[in-house]
Amino acid sequence: MALPMGKSYEVEWTKRSFRNAMSIKKYLIRKFGLKEVAKFENLLREFELTVSNFPTLYPESNSQKLLRRAVIHKNTTVYYIFSKKKVTVIAIKDNRQEKASK
């Protein structure tokens with residue numbers, strides 16, 4: 001899908017993605033301290049800025065074509081969808097906390 005130059009999309013966070021972010025922040029405080037929380041928050045701000053300007057930057061999921069997967073850090077993955085008007089962040093996963101089930 002070609003996007004108009006200079007168009008910026010609104011970024012909306014679902015309740016689930018907000019809860020995920022808060023859970024990750026609590027984990028970071030407990031395991032690593034406030035400095036790592038600040039780094040995590042900065043990663044989310046950078047992701048939001050990037051995805052608002054380039055929503056097709058990250059690849060589509062193989063199993064769910066509308067869902068996109070952004071690995072914003074080796075330990076953090078963000079799942080989102082986008083429409084003509086906005087980007088919706090569906091979930092955030094901390095890859096350290098949850099082991100992938102096989």
# chains A, B, ... in the order shown; residues from 1 in each chain; ligands from 1
$ select_by_dssp --residues "chain A" --states "helix (DSSP H, G or I)" --output "ChimeraX atom specification"
/A:15-31,34-53
$ write_last_selection --atoms "C-alpha atoms" --output "compact mmCIF listing (two decimals), in the first residue's frame"
# COMPACT_ATOMS: atom_id res chain seq x y z
CA LYS A 15 -6.14 -1.65 27.15
CA ARG A 16 -4.29 -4.90 26.64
CA SER A 17 -1.18 -3.21 25.25
CA PHE A 18 -1.24 -0.67 28.10
CA ARG A 19 -1.50 -3.49 30.66
CA ASN A 20 1.38 -5.29 28.90
CA ALA A 21 3.53 -2.15 29.10
CA MET A 22 2.74 -1.65 32.79
CA SER A 23 3.57 -5.28 33.53
CA ILE A 24 6.90 -4.97 31.71
CA LYS A 25 7.70 -1.77 33.63
CA LYS A 26 7.03 -3.52 36.96
CA TYR A 27 9.25 -6.41 35.89
CA LEU A 28 12.04 -4.02 34.87
CA ILE A 29 11.85 -2.12 38.17
CA ARG A 30 12.00 -5.38 40.14
CA LYS A 31 14.85 -6.94 38.15
CA LEU A 34 14.48 2.68 37.12
CA LYS A 35 17.21 3.28 34.54
CA GLU A 36 15.97 0.32 32.48
CA VAL A 37 12.37 1.53 32.80
CA ALA A 38 13.45 4.87 31.29
CA LYS A 39 15.13 3.01 28.41
CA PHE A 40 11.96 0.96 27.85
CA GLU A 41 9.78 4.08 27.80
CA ASN A 42 12.15 5.68 25.31
CA LEU A 43 11.93 2.57 23.08
CA LEU A 44 8.13 2.86 23.10
CA ARG A 45 8.28 6.57 22.21
CA GLU A 46 10.68 5.86 19.34
CA PHE A 47 8.45 3.03 18.11
CA GLU A 48 5.37 5.25 18.24
CA LEU A 49 7.10 8.00 16.26
CA THR A 50 8.44 5.54 13.69
CA VAL A 51 5.22 3.59 13.20
CA SER A 52 3.11 6.77 13.00
CA ASN A 53 5.17 7.84 9.98
$ residues_around --residues "Lys85 (chain A)" --least-positions-apart "6" --cutoff "12 Å" --atoms "only C-alpha atoms" --output "ChimeraX atom specification"
/A:3,7-12,52-53,55
$ atom_distance --atom1 "CA of Glu60 (chain A)" --atom2 "CA of Asn75 (chain A)"
19.2 Å
$ residues_around --residues "Ser61 (chain A)" --least-positions-apart "5" --cutoff "12 Å" --atoms "only C-alpha atoms" --output "list in words"
Thr56, Leu66, Leu67, Arg68, Arg69, Ala70, Val78, Tyr79, Tyr80 and Ile81 of chain A
$ atom_distance --atom1 "CA of Leu57 (chain A)" --atom2 "CA of Arg96 (chain A)"
24.3 Å
